[in-house]
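Structure file structure-v4.pdb (PDB, C-alpha atoms, pLDDT in the B column) follows.
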```pdb
ATOM      1  CA  MET A  18     142.936 234.476  28.744  1.00 95.00           C
ATOM      2  CA  ARG A  19     145.000 233.788  25.653  1.00 98.00           C
ATOM      3  CA  ILE A  20     145.303 230.161  24.583  1.00 98.00           C
ATOM      4  CA  VAL A  21     147.273 228.691  21.709  1.00 98.00           C
ATOM      5  CA  GLY A  22     147.616 225.072  20.753  1.00 98.00           C
ATOM      6  CA  VAL A  23     147.839 222.258  18.287  1.00 98.00           C
ATOM      7  CA  CYS A  24     145.370 219.547  17.320  1.00 97.00           C
ATOM      8  CA  ALA A  25     146.624 216.333  15.686  1.00 96.00           C
ATOM      9  CA  CYS A  26     145.102 212.850  15.598  1.00 94.00           C
ATOM     10  CA  CYS A  27     146.479 209.516  14.383  1.00 89.00           C
ATOM     11  CA  SER A  28     145.009 209.761  10.907  1.00 82.00           C
ATOM     12  CA  GLY A  29     145.167 213.545  10.705  1.00 70.00           C
ATOM     13  CA  ILE A  30     141.648 213.906   9.452  1.00 80.00           C
ATOM     14  CA  ALA A  31     138.391 213.869  11.422  1.00 92.00           C
ATOM     15  CA  HIS A  32     139.408 214.057  15.087  1.00 94.00           C
ATOM     16  CA  THR A  33     141.965 216.782  14.407  1.00 95.00           C
ATOM     17  CA  TYR A  34     139.317 219.150  13.081  1.00 95.00           C
ATOM     18  CA  MET A  35     136.568 218.055  15.459  1.00 96.00           C
ATOM     19  CA  ALA A  36     138.856 218.714  18.445  1.00 97.00           C
ATOM     20  CA  LYS A  37     139.820 222.124  17.114  1.00 97.00           C
ATOM     21  CA  GLU A  38     136.214 223.139  16.513  1.00 98.00           C
ATOM     22  CA  ALA A  39     135.070 221.993  19.966  1.00 98.00           C
ATOM     23  CA  ILE A  40     137.904 223.660  21.881  1.00 98.00           C
ATOM     24  CA  VAL A  41     137.700 226.935  19.949  1.00 98.00           C
ATOM     25  CA  LYS A  42     133.946 227.136  20.500  1.00 98.00           C
ATOM     26  CA  ALA A  43     134.278 226.447  24.246  1.00 98.00           C
ATOM     27  CA  ALA A  44     137.145 228.917  24.710  1.00 98.00           C
ATOM     28  CA  LYS A  45     135.353 231.696  22.850  1.00 98.00           C
ATOM     29  CA  ALA A  46     132.206 231.055  24.916  1.00 98.00           C
ATOM     30  CA  ALA A  47     134.364 231.547  28.026  1.00 97.00           C
ATOM     31  CA  GLY A  48     135.613 234.870  26.651  1.00 97.00           C
ATOM     32  CA  ASP A  49     139.084 233.637  25.781  1.00 98.00           C
ATOM     33  CA  GLU A  50     141.243 234.478  22.791  1.00 98.00           C
ATOM     34  CA  ILE A  51     142.298 231.224  21.143  1.00 98.00           C
ATOM     35  CA  HIS A  52     144.431 230.201  18.178  1.00 98.00           C
ATOM     36  CA  MET A  53     144.675 226.513  17.296  1.00 98.00           C
ATOM     37  CA  GLU A  54     146.967 225.036  14.665  1.00 98.00           C
ATOM     38  CA  THR A  55     146.178 221.706  13.016  1.00 97.00           C
ATOM     39  CA  GLN A  56     148.708 219.149  11.876  1.00 96.00           C
ATOM     40  CA  GLY A  57     147.300 216.429   9.664  1.00 90.00           C
ATOM     41  CA  THR A  58     147.426 214.617   6.377  1.00 86.00           C
ATOM     42  CA  ILE A  59     147.417 217.865   4.411  1.00 87.00           C
ATOM     43  CA  GLY A  60     150.142 219.415   6.541  1.00 92.00           C
ATOM     44  CA  VAL A  61     150.022 222.352   8.950  1.00 95.00           C
ATOM     45  CA  GLU A  62     147.056 224.689   8.809  1.00 96.00           C
ATOM     46  CA  ASP A  63     146.520 227.927  10.735  1.00 97.00           C
ATOM     47  CA  GLU A  64     150.160 227.850  11.826  1.00 97.00           C
ATOM     48  CA  LEU A  65     150.737 229.738  15.063  1.00 98.00           C
ATOM     49  CA  THR A  66     152.847 232.858  14.814  1.00 98.00           C
ATOM     50  CA  PRO A  67     155.743 233.522  17.187  1.00 97.00           C
ATOM     51  CA  GLN A  68     153.790 236.538  18.511  1.00 98.00           C
ATOM     52  CA  GLN A  69     150.685 234.441  19.266  1.00 98.00           C
ATOM     53  CA  ILE A  70     152.839 231.952  21.162  1.00 98.00           C
ATOM     54  CA  GLU A  71     154.681 234.683  23.072  1.00 97.00           C
ATOM     55  CA  ASP A  72     151.416 236.384  24.088  1.00 98.00           C
ATOM     56  CA  ALA A  73     149.715 233.151  25.180  1.00 98.00           C
ATOM     57  CA  ASP A  74     148.994 232.338  28.815  1.00 97.00           C
ATOM     58  CA  CYS A  75     149.093 228.629  28.051  1.00 97.00           C
ATOM     59  CA  VAL A  76     149.424 226.011  25.330  1.00 98.00           C
ATOM     60  CA  LEU A  77     146.794 223.322  24.798  1.00 98.00           C
ATOM     61  CA  LEU A  78     147.979 220.265  22.910  1.00 98.00           C
ATOM     62  CA  CYS A  79     145.041 218.125  21.763  1.00 97.00           C
ATOM     63  CA  VAL A  80     147.171 215.389  20.264  1.00 97.00           C
ATOM     64  CA  ASP A  81     147.320 211.634  19.791  1.00 96.00           C
ATOM     65  CA  VAL A  82     150.616 211.653  17.907  1.00 95.00           C
ATOM     66  CA  HIS A  83     153.998 213.392  17.896  1.00 93.00           C
ATOM     67  CA  ILE A  84     153.729 216.946  16.574  1.00 95.00           C
ATOM     68  CA  GLU A  85     156.236 219.050  14.708  1.00 93.00           C
ATOM     69  CA  GLY A  86     157.538 222.221  16.335  1.00 95.00           C
ATOM     70  CA  ALA A  87     156.779 221.367  19.966  1.00 95.00           C
ATOM     71  CA  ASP A  88     160.006 223.143  20.942  1.00 96.00           C
ATOM     72  CA  ARG A  89     158.231 226.457  20.214  1.00 96.00           C
ATOM     73  CA  PHE A  90     156.378 226.018  23.508  1.00 97.00           C
ATOM     74  CA  LYS A  91     159.353 225.240  25.786  1.00 93.00           C
ATOM     75  CA  ASP A  92     158.852 228.167  28.186  1.00 92.00           C
ATOM     76  CA  LYS A  93     155.050 227.977  28.310  1.00 96.00           C
ATOM     77  CA  LYS A  94     152.573 226.256  30.591  1.00 96.00           C
ATOM     78  CA  ILE A  95     151.336 223.249  28.623  1.00 96.00           C
ATOM     79  CA  MET A  96     148.264 221.059  28.981  1.00 96.00           C
ATOM     80  CA  LYS A  97     148.289 217.907  26.863  1.00 97.00           C
ATOM     81  CA  ILE A  98     145.118 215.913  26.251  1.00 97.00           C
ATOM     82  CA  PRO A  99     143.923 213.363  23.688  1.00 97.00           C
ATOM     83  CA  THR A 100     141.717 214.610  20.849  1.00 97.00           C
ATOM     84  CA  ASP A 101     138.737 212.522  21.978  1.00 96.00           C
ATOM     85  CA  LEU A 102     138.718 214.330  25.338  1.00 97.00           C
ATOM     86  CA  ALA A 103     138.761 217.696  23.560  1.00 97.00           C
ATOM     87  CA  ILE A 104     135.751 216.568  21.520  1.00 97.00           C
ATOM     88  CA  LYS A 105     133.797 215.086  24.446  1.00 98.00           C
ATOM     89  CA  ALA A 106     134.483 217.666  27.178  1.00 98.00           C
ATOM     90  CA  PRO A 107     135.719 220.973  25.726  1.00 98.00           C
ATOM     91  CA  LYS A 108     133.996 223.194  28.309  1.00 98.00           C
ATOM     92  CA  GLN A 109     135.526 221.198  31.146  1.00 98.00           C
ATOM     93  CA  ILE A 110     138.981 221.455  29.559  1.00 97.00           C
ATOM     94  CA  VAL A 111     138.698 225.238  29.256  1.00 97.00           C
ATOM     95  CA  ALA A 112     137.422 225.455  32.839  1.00 97.00           C
ATOM     96  CA  LYS A 113     140.394 223.380  34.037  1.00 96.00           C
ATOM     97  CA  ILE A 114     142.793 225.730  32.246  1.00 95.00           C
ATOM     98  CA  HIS A 115     141.178 228.686  34.021  1.00 95.00           C
ATOM     99  CA  GLN A 116     141.336 226.865  37.361  1.00 95.00           C
ATOM    100  CA  GLU A 117     144.980 225.879  37.018  1.00 91.00           C
ATOM    101  CA  LEU A 118     146.077 229.331  35.888  1.00 88.00           C
ATOM    102  CA  GLY A 119     143.885 231.134  38.395  1.00 81.00           C
ATOM    103  CA  LYS A 120     142.207 233.254  35.724  1.00 68.00           C
TER
END
```

Please lay out the structure from this file as structure tokens.
Amino acid sequence: MRIVGVCACCSGIAHTYMAKEAIVKAAKAAGDEIHMETQGTIGVEDELTPQQIEDADCVLLCVDVHIEGADRFKDKKIMKIPTDLAIKAPKQIVAKIHQELGK
């Protein structure tokens, strides 16, 4: 499965990167291709390309705040969760994505 997404917490520091690391690790362990963008105090990092978004089966938004560029995902299946859930239960989140998409 191909997953793309964005991580962004209130302060744009710790939880943003912790959520990204946890979700990426869990998705890769499940055999998925994953690309996660971060939006924080230093701006956008690892910005998703239009091709990555187009090829994705779903979008995972691990966010606690409004993100820039959400309109890029308008025709995609989206799961939105808080960053603390991504940190605490990444394997369960990836499993839920698989269950909901039937893959």

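Straight-line separation from CA of Asp74 (chain A) to CA of Glu117 (chain A): 11.2 Å.
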
Starting from the displayed file, determine the output of the PyMOL selection byres ((chain A and resi 61) around 12) and express the residue list as a compact mmCIF listing (two decimals) with C-alpha atoms, in the coordinates of the input.
```txt
# COMPACT_ATOMS: atom_id res chain seq x y z
CA VAL A 23 147.84 222.26 18.29
CA CYS A 24 145.37 219.55 17.32
CA ALA A 25 146.62 216.33 15.69
CA GLY A 29 145.17 213.54 10.70
CA ILE A 30 141.65 213.91 9.45
CA THR A 33 141.96 216.78 14.41
CA TYR A 34 139.32 219.15 13.08
CA MET A 53 144.68 226.51 17.30
CA GLU A 54 146.97 225.04 14.66
CA THR A 55 146.18 221.71 13.02
CA GLN A 56 148.71 219.15 11.88
CA GLY A 57 147.30 216.43 9.66
CA THR A 58 147.43 214.62 6.38
CA ILE A 59 147.42 217.86 4.41
CA GLY A 60 150.14 219.42 6.54
CA GLU A 62 147.06 224.69 8.81
CA ASP A 63 146.52 227.93 10.74
CA GLU A 64 150.16 227.85 11.83
CA LEU A 65 150.74 229.74 15.06
CA ILE A 84 153.73 216.95 16.57
CA GLU A 85 156.24 219.05 14.71
CA GLY A 86 157.54 222.22 16.34
```

Residue nearest Thr66 (chain A) - candidates A:Glu38, A:Lys93, A:Cys26, A:Val21, atoms counted: all atoms listed in the file:
A:Val21

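Proximity to Gly119 (chain A) at 12 Å, evaluated using all atoms listed in the file and with sequence-adjacent residues fewer than 2 positions away removed, yields Met18, Asp74, Cys75, Ala112, Lys113, Ile114, His115, Gln116 and Glu117 of chain A.
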
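Ranking A:Ala106, A:Gln69, A:Asp88, A:Asp81 by their shortest atom-to-atom distance to His32 (chain A), with all atoms listed in the file included, puts A:Asp81 first.
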
Suppose a student applies the PyMOL selection byres ((chain A and resi 103) around 9) to this structure; what residues should they get, written as a ChimeraX atom specification?
/A:35-37,39-40,79,98-102,104-110

Correct to one decimal, the distance CA of Val76 (chain A)-CA of Phe90 (chain A) is 7.2 Å

For region 48-61 of chain A, supply N, CA, C and O atoms and format the output as a CSV table (one decimal), in the frame of the given file.
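Output saved as result13.csv:
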```csv
chain,number,residue,atom,x,y,z
A,48,GLY,N,135.0,233.5,26.8
A,48,GLY,CA,135.6,234.9,26.7
A,48,GLY,C,137.1,234.9,26.4
A,48,GLY,O,137.7,235.9,26.5
A,49,ASP,N,137.6,233.7,26.0
A,49,ASP,CA,139.1,233.6,25.8
A,49,ASP,C,139.4,233.9,24.3
A,49,ASP,O,138.6,233.8,23.4
A,50,GLU,N,140.7,234.4,24.1
A,50,GLU,CA,141.2,234.5,22.8
A,50,GLU,C,142.0,233.2,22.5
A,50,GLU,O,142.8,232.7,23.4
A,51,ILE,N,141.7,232.5,21.4
A,51,ILE,CA,142.3,231.2,21.1
A,51,ILE,C,142.7,231.1,19.7
A,51,ILE,O,142.1,231.6,18.8
A,52,HIS,N,143.9,230.5,19.5
A,52,HIS,CA,144.4,230.2,18.2
A,52,HIS,C,144.9,228.8,18.2
A,52,HIS,O,145.8,228.4,19.0
A,53,MET,N,144.3,227.9,17.3
A,53,MET,CA,144.7,226.5,17.3
A,53,MET,C,145.2,226.1,15.9
A,53,MET,O,144.5,226.4,14.9
A,54,GLU,N,146.3,225.5,15.9
A,54,GLU,CA,147.0,225.0,14.7
A,54,GLU,C,146.5,223.6,14.5
A,54,GLU,O,146.3,222.9,15.5
A,55,THR,N,146.4,223.1,13.3
A,55,THR,CA,146.2,221.7,13.0
A,55,THR,C,147.4,221.1,12.2
A,55,THR,O,148.0,221.8,11.4
A,56,GLN,N,147.7,219.9,12.6
A,56,GLN,CA,148.7,219.1,11.9
A,56,GLN,C,148.1,217.8,11.5
A,56,GLN,O,147.7,217.0,12.3
A,57,GLY,N,148.0,217.6,10.2
A,57,GLY,CA,147.3,216.4,9.7
A,57,GLY,C,147.8,216.0,8.3
A,57,GLY,O,148.9,216.3,7.9
A,58,THR,N,147.0,215.2,7.6
A,58,THR,CA,147.4,214.6,6.4
A,58,THR,C,147.7,215.7,5.3
A,58,THR,O,148.5,215.4,4.4
A,59,ILE,N,147.1,216.8,5.4
A,59,ILE,CA,147.4,217.9,4.4
A,59,ILE,C,148.4,218.9,4.9
A,59,ILE,O,148.6,219.9,4.3
A,60,GLY,N,149.1,218.5,6.0
A,60,GLY,CA,150.1,219.4,6.5
A,60,GLY,C,149.7,220.3,7.7
A,60,GLY,O,148.7,220.0,8.3
A,61,VAL,N,150.3,221.4,7.9
A,61,VAL,CA,150.0,222.4,9.0
A,61,VAL,C,149.1,223.4,8.4
A,61,VAL,O,149.3,224.0,7.4
```
